[in-house]
>>> print(open('input-v4.pdb').read())   # PDB, C-alpha atoms
ATOM      1  CA  MET B  17     -34.655 -75.541  42.204  1.00  0.00           C
ATOM      2  CA  PRO B  18     -37.389 -73.052  41.236  1.00  0.00           C
ATOM      3  CA  ALA B  19     -36.559 -70.878  38.232  1.00  0.00           C
ATOM      4  CA  TYR B  20     -36.807 -67.635  40.215  1.00  0.00           C
ATOM      5  CA  LEU B  21     -34.000 -68.612  42.626  1.00  0.00           C
ATOM      6  CA  PRO B  22     -30.520 -67.991  41.224  1.00  0.00           C
ATOM      7  CA  ALA B  23     -27.764 -70.495  41.854  1.00  0.00           C
ATOM      8  CA  LEU B  24     -25.405 -69.346  44.582  1.00  0.00           C
ATOM      9  CA  PRO B  25     -21.648 -69.704  44.240  1.00  0.00           C
ATOM     10  CA  ALA B  26     -19.844 -72.078  46.565  1.00  0.00           C
ATOM     11  CA  VAL B  27     -18.836 -70.335  49.757  1.00  0.00           C
ATOM     12  CA  GLN B  28     -15.701 -71.173  51.696  1.00  0.00           C
ATOM     13  CA  PRO B  29     -16.222 -71.456  55.448  1.00  0.00           C
ATOM     14  CA  PRO B  30     -14.679 -68.563  57.368  1.00  0.00           C
ATOM     15  CA  ALA B  31     -11.273 -69.136  58.898  1.00  0.00           C
ATOM     16  CA  LYS B  32     -11.131 -69.538  62.647  1.00  0.00           C
ATOM     17  CA  ALA B  33      -9.992 -66.442  64.523  1.00  0.00           C
ATOM     18  CA  ALA B  34      -7.043 -68.315  66.000  1.00  0.00           C
ATOM     19  CA  SER B  35      -5.686 -69.082  62.540  1.00  0.00           C
ATOM     20  CA  VAL B  36      -5.852 -65.517  61.244  1.00  0.00           C
ATOM     21  CA  ALA B  37      -2.423 -64.371  60.202  1.00  0.00           C
ATOM     22  CA  VAL B  38      -1.967 -60.783  61.247  1.00  0.00           C
ATOM     23  CA  ALA B  39       0.396 -58.714  59.186  1.00  0.00           C
ATOM     24  CA  PRO B  40       2.404 -56.166  61.120  1.00  0.00           C
ATOM     25  CA  ALA B  41       0.562 -52.884  61.220  1.00  0.00           C
ATOM     26  CA  THR B  42       2.201 -49.794  59.871  1.00  0.00           C
ATOM     27  CA  ASP B  43       2.492 -46.811  62.174  1.00  0.00           C
ATOM     28  CA  SER B  44      -0.201 -44.944  60.237  1.00  0.00           C
ATOM     29  CA  THR B  45      -2.572 -47.935  60.335  1.00  0.00           C
ATOM     30  CA  ALA B  46      -1.995 -48.438  64.038  1.00  0.00           C
ATOM     31  CA  ALA B  47      -2.544 -44.716  64.673  1.00  0.00           C
ATOM     32  CA  ALA B  48      -5.776 -44.722  62.637  1.00  0.00           C
ATOM     33  CA  ILE B  49      -7.055 -47.788  64.481  1.00  0.00           C
ATOM     34  CA  GLU B  50      -6.089 -46.218  67.819  1.00  0.00           C
ATOM     35  CA  ALA B  51      -7.997 -43.014  66.982  1.00  0.00           C
ATOM     36  CA  PHE B  52     -11.030 -44.967  65.793  1.00  0.00           C
ATOM     37  CA  ALA B  53     -10.953 -47.183  68.893  1.00  0.00           C
ATOM     38  CA  LYS B  54     -10.937 -44.093  71.117  1.00  0.00           C
ATOM     39  CA  LEU B  55     -13.971 -42.757  69.255  1.00  0.00           C
ATOM     40  CA  GLN B  56     -15.710 -46.123  69.471  1.00  0.00           C
ATOM     41  CA  ARG B  57     -15.024 -46.278  73.210  1.00  0.00           C
ATOM     42  CA  ALA B  58     -16.504 -42.789  73.689  1.00  0.00           C
ATOM     43  CA  ILE B  59     -19.596 -43.738  71.669  1.00  0.00           C
ATOM     44  CA  ASN B  60     -19.993 -46.973  73.638  1.00  0.00           C
ATOM     45  CA  GLN B  61     -19.865 -45.038  76.912  1.00  0.00           C
ATOM     46  CA  LEU B  62     -22.498 -42.597  75.639  1.00  0.00           C
ATOM     47  CA  ARG B  63     -24.730 -45.481  74.549  1.00  0.00           C
ATOM     48  CA  ASP B  64     -24.411 -47.112  77.982  1.00  0.00           C
ATOM     49  CA  LYS B  65     -25.340 -43.839  79.712  1.00  0.00           C
ATOM     50  CA  GLU B  66     -28.278 -43.335  77.336  1.00  0.00           C
ATOM     51  CA  GLN B  67     -29.604 -46.848  77.967  1.00  0.00           C
ATOM     52  CA  ALA B  68     -29.295 -46.401  81.738  1.00  0.00           C
ATOM     53  CA  GLU B  69     -31.120 -43.080  81.583  1.00  0.00           C
ATOM     54  CA  LEU B  70     -33.877 -44.517  79.394  1.00  0.00           C
ATOM     55  CA  ALA B  71     -34.346 -47.388  81.855  1.00  0.00           C
ATOM     56  CA  GLU B  72     -35.001 -45.116  84.826  1.00  0.00           C
ATOM     57  CA  PRO B  73     -38.636 -45.320  85.977  1.00  0.00           C
ATOM     58  CA  ARG B  74     -39.128 -41.547  85.749  1.00  0.00           C
ATOM     59  CA  ASN B  75     -38.241 -41.634  82.029  1.00  0.00           C
ATOM     60  CA  LYS B  76     -40.938 -44.006  80.814  1.00  0.00           C
ATOM     61  CA  LYS B  77     -43.054 -41.392  79.027  1.00  0.00           C
ATOM     62  CA  VAL B  78     -42.606 -41.172  75.270  1.00  0.00           C
ATOM     63  CA  GLU B  79     -41.817 -37.452  75.392  1.00  0.00           C
ATOM     64  CA  GLU B  80     -39.088 -37.946  78.010  1.00  0.00           C
ATOM     65  CA  GLN B  81     -37.531 -40.772  76.031  1.00  0.00           C
ATOM     66  CA  ALA B  82     -37.556 -38.664  72.856  1.00  0.00           C
ATOM     67  CA  THR B  83     -35.801 -35.856  74.752  1.00  0.00           C
ATOM     68  CA  ILE B  84     -33.162 -38.261  76.068  1.00  0.00           C
ATOM     69  CA  ARG B  85     -32.588 -39.785  72.627  1.00  0.00           C
ATOM     70  CA  GLU B  86     -32.170 -36.336  71.077  1.00  0.00           C
ATOM     71  CA  LYS B  87     -29.739 -35.315  73.824  1.00  0.00           C
ATOM     72  CA  TYR B  88     -27.545 -38.355  73.189  1.00  0.00           C
ATOM     73  CA  ARG B  89     -27.814 -37.986  69.405  1.00  0.00           C
ATOM     74  CA  LYS B  90     -26.298 -34.511  69.815  1.00  0.00           C
ATOM     75  CA  LEU B  91     -23.646 -35.834  72.215  1.00  0.00           C
ATOM     76  CA  ARG B  92     -22.675 -38.544  69.701  1.00  0.00           C
ATOM     77  CA  ALA B  93     -22.459 -35.940  66.921  1.00  0.00           C
ATOM     78  CA  ASP B  94     -20.262 -33.785  69.164  1.00  0.00           C
ATOM     79  CA  SER B  95     -18.075 -36.798  69.918  1.00  0.00           C
ATOM     80  CA  LEU B  96     -17.617 -37.491  66.199  1.00  0.00           C
ATOM     81  CA  LYS B  97     -16.647 -33.873  65.646  1.00  0.00           C
ATOM     82  CA  THR B  98     -14.268 -33.868  68.622  1.00  0.00           C
ATOM     83  CA  HIS B  99     -12.523 -36.993  67.335  1.00  0.00           C
ATOM     84  CA  GLY B 100     -12.394 -35.601  63.775  1.00  0.00           C
ATOM     85  CA  TYR B 101     -14.802 -38.034  62.107  1.00  0.00           C
ATOM     86  CA  THR B 102     -17.966 -37.769  60.056  1.00  0.00           C
ATOM     87  CA  ALA B 103     -20.721 -40.385  60.145  1.00  0.00           C
ATOM     88  CA  ALA B 104     -19.691 -41.502  56.643  1.00  0.00           C
ATOM     89  CA  GLN B 105     -16.082 -41.973  57.784  1.00  0.00           C
ATOM     90  CA  VAL B 106     -17.221 -44.027  60.779  1.00  0.00           C
ATOM     91  CA  ASN B 107     -19.334 -46.224  58.506  1.00  0.00           C
ATOM     92  CA  ALA B 108     -16.426 -46.678  56.086  1.00  0.00           C
ATOM     93  CA  MET B 109     -13.974 -47.523  58.859  1.00  0.00           C
ATOM     94  CA  THR B 110     -16.455 -49.946  60.435  1.00  0.00           C
ATOM     95  CA  LEU B 111     -16.825 -51.692  57.070  1.00  0.00           C
ATOM     96  CA  ARG B 112     -13.029 -51.881  56.607  1.00  0.00           C
ATOM     97  CA  ILE B 113     -12.493 -53.340  60.065  1.00  0.00           C
ATOM     98  CA  SER B 114     -15.337 -55.817  59.757  1.00  0.00           C
ATOM     99  CA  SER B 115     -14.131 -57.079  56.376  1.00  0.00           C
ATOM    100  CA  ASP B 116     -10.371 -57.257  57.051  1.00  0.00           C
ATOM    101  CA  ASP B 117      -9.297 -59.892  59.577  1.00  0.00           C
ATOM    102  CA  ALA B 118      -5.954 -58.251  60.326  1.00  0.00           C
ATOM    103  CA  LEU B 119      -7.579 -54.863  61.005  1.00  0.00           C
ATOM    104  CA  ARG B 120     -10.284 -56.495  63.115  1.00  0.00           C
ATOM    105  CA  VAL B 121      -7.704 -58.271  65.275  1.00  0.00           C
ATOM    106  CA  LEU B 122      -5.738 -55.029  65.665  1.00  0.00           C
ATOM    107  CA  PHE B 123      -8.927 -53.096  66.503  1.00  0.00           C
ATOM    108  CA  GLU B 124     -10.046 -55.659  69.097  1.00  0.00           C
ATOM    109  CA  ALA B 125      -6.601 -55.668  70.716  1.00  0.00           C
ATOM    110  CA  THR B 126      -6.610 -51.868  70.801  1.00  0.00           C
ATOM    111  CA  MET B 127     -10.097 -51.758  72.351  1.00  0.00           C
ATOM    112  CA  GLU B 128      -9.001 -54.272  74.985  1.00  0.00           C
ATOM    113  CA  ARG B 129      -5.875 -52.247  75.781  1.00  0.00           C
ATOM    114  CA  LEU B 130      -7.877 -49.004  76.052  1.00  0.00           C
ATOM    115  CA  SER B 131     -10.428 -50.597  78.369  1.00  0.00           C
ATOM    116  CA  LYS B 132      -7.810 -51.402  81.005  1.00  0.00           C
TER     117      LYS B 132
END
>>> encode(input="input-v4.pdb", output="structure tokens")
Amino acid sequence: MPAYLPALPAVQPPAKAASVAVAPATDSTAAAIEAFAKLQRAINQLRDKEQAELAEPRNKKVEEQATIREKYRKLRADSLKTHGYTAAQVNAMTLRISSDDALRVLFEATMERLSK
């Protein structure tokens, strides 16, 4: 091994999703995940609308696309404010959910329930 490459610690393979033990969520955790899922759903809908608008033939000019992107940036900021989040809070919650299997499973189940 070249001297400039540090040795990496042994890494355990990730557990399969089916074997993830999910601890019962507290009411406050479930409520926080529910609120975040509603925000995420709203942001996803905005992103889908933005992508559809950008794909329209009449919006192929750079100036038009910049206008559309700015419009949806403002709409996303308004959505964060409406749902009571800041960008930093969204980033922190995203990190928590992505790094905690139990929260991720709860979040995915909540998103699925909200999409019906």
>>> resolve_selection(input="input-v4.pdb", expression="the PyMOL selection byres ((chain B and resi 62) around 12)", output="list in words")
Leu55, Gln56, Arg57, Ala58, Ile59, Asn60, Gln61, Arg63, Asp64, Lys65, Glu66, Gln67, Ala68, Glu69, Ile84, Arg85, Lys87, Tyr88, Arg89, Lys90, Leu91, Arg92, Ala93, Asp94, Ser95 and Leu96 of chain B
>>> atom_distance(input="input-v4.pdb", atom1="atom CA of Gln105 of chain B", atom2="atom CA of Gln81 of chain B")
28.2 Å
>>> resolve_selection(input="input-v4.pdb", expression="the PyMOL selection byres ((chain B and resi 52) around 10)", output="PyMOL selection string")
chain B and resi 46-51+53-58+96+99-101+105-106+109-110+123+126-127
>>> write_last_selection(input="input-v4.pdb", atoms="C-alpha atoms", output="PDB file, in the frame of the given file")
ATOM      1  CA  ALA B  46      -1.995 -48.438  64.038  1.00  0.00           C
ATOM      2  CA  ALA B  47      -2.544 -44.716  64.673  1.00  0.00           C
ATOM      3  CA  ALA B  48      -5.776 -44.722  62.637  1.00  0.00           C
ATOM      4  CA  ILE B  49      -7.055 -47.788  64.481  1.00  0.00           C
ATOM      5  CA  GLU B  50      -6.089 -46.218  67.819  1.00  0.00           C
ATOM      6  CA  ALA B  51      -7.997 -43.014  66.982  1.00  0.00           C
ATOM      7  CA  ALA B  53     -10.953 -47.183  68.893  1.00  0.00           C
ATOM      8  CA  LYS B  54     -10.937 -44.093  71.117  1.00  0.00           C
ATOM      9  CA  LEU B  55     -13.971 -42.757  69.255  1.00  0.00           C
ATOM     10  CA  GLN B  56     -15.710 -46.123  69.471  1.00  0.00           C
ATOM     11  CA  ARG B  57     -15.024 -46.278  73.210  1.00  0.00           C
ATOM     12  CA  ALA B  58     -16.504 -42.789  73.689  1.00  0.00           C
ATOM     13  CA  LEU B  96     -17.617 -37.491  66.199  1.00  0.00           C
ATOM     14  CA  HIS B  99     -12.523 -36.993  67.335  1.00  0.00           C
ATOM     15  CA  GLY B 100     -12.394 -35.601  63.775  1.00  0.00           C
ATOM     16  CA  TYR B 101     -14.802 -38.034  62.107  1.00  0.00           C
ATOM     17  CA  GLN B 105     -16.082 -41.973  57.784  1.00  0.00           C
ATOM     18  CA  VAL B 106     -17.221 -44.027  60.779  1.00  0.00           C
ATOM     19  CA  MET B 109     -13.974 -47.523  58.859  1.00  0.00           C
ATOM     20  CA  THR B 110     -16.455 -49.946  60.435  1.00  0.00           C
ATOM     21  CA  PHE B 123      -8.927 -53.096  66.503  1.00  0.00           C
ATOM     22  CA  THR B 126      -6.610 -51.868  70.801  1.00  0.00           C
ATOM     23  CA  MET B 127     -10.097 -51.758  72.351  1.00  0.00           C
TER      24      MET B 127
END
>>> closest_residue(input="input-v4.pdb", among="B:Ala71, B:Glu80, B:Thr45, B:Ala125", to="Arg112 of chain B", atoms="all atoms listed in the file")
B:Thr45
>>> atom_distance(input="input-v4.pdb", atom1="atom CA of Ser131 of chain B", atom2="atom CA of Ala118 of chain B")
20.1 Å
>>> atom_distance(input="input-v4.pdb", atom1="atom CA of Asp116 of chain B", atom2="atom CA of Arg129 of chain B")
19.9 Å
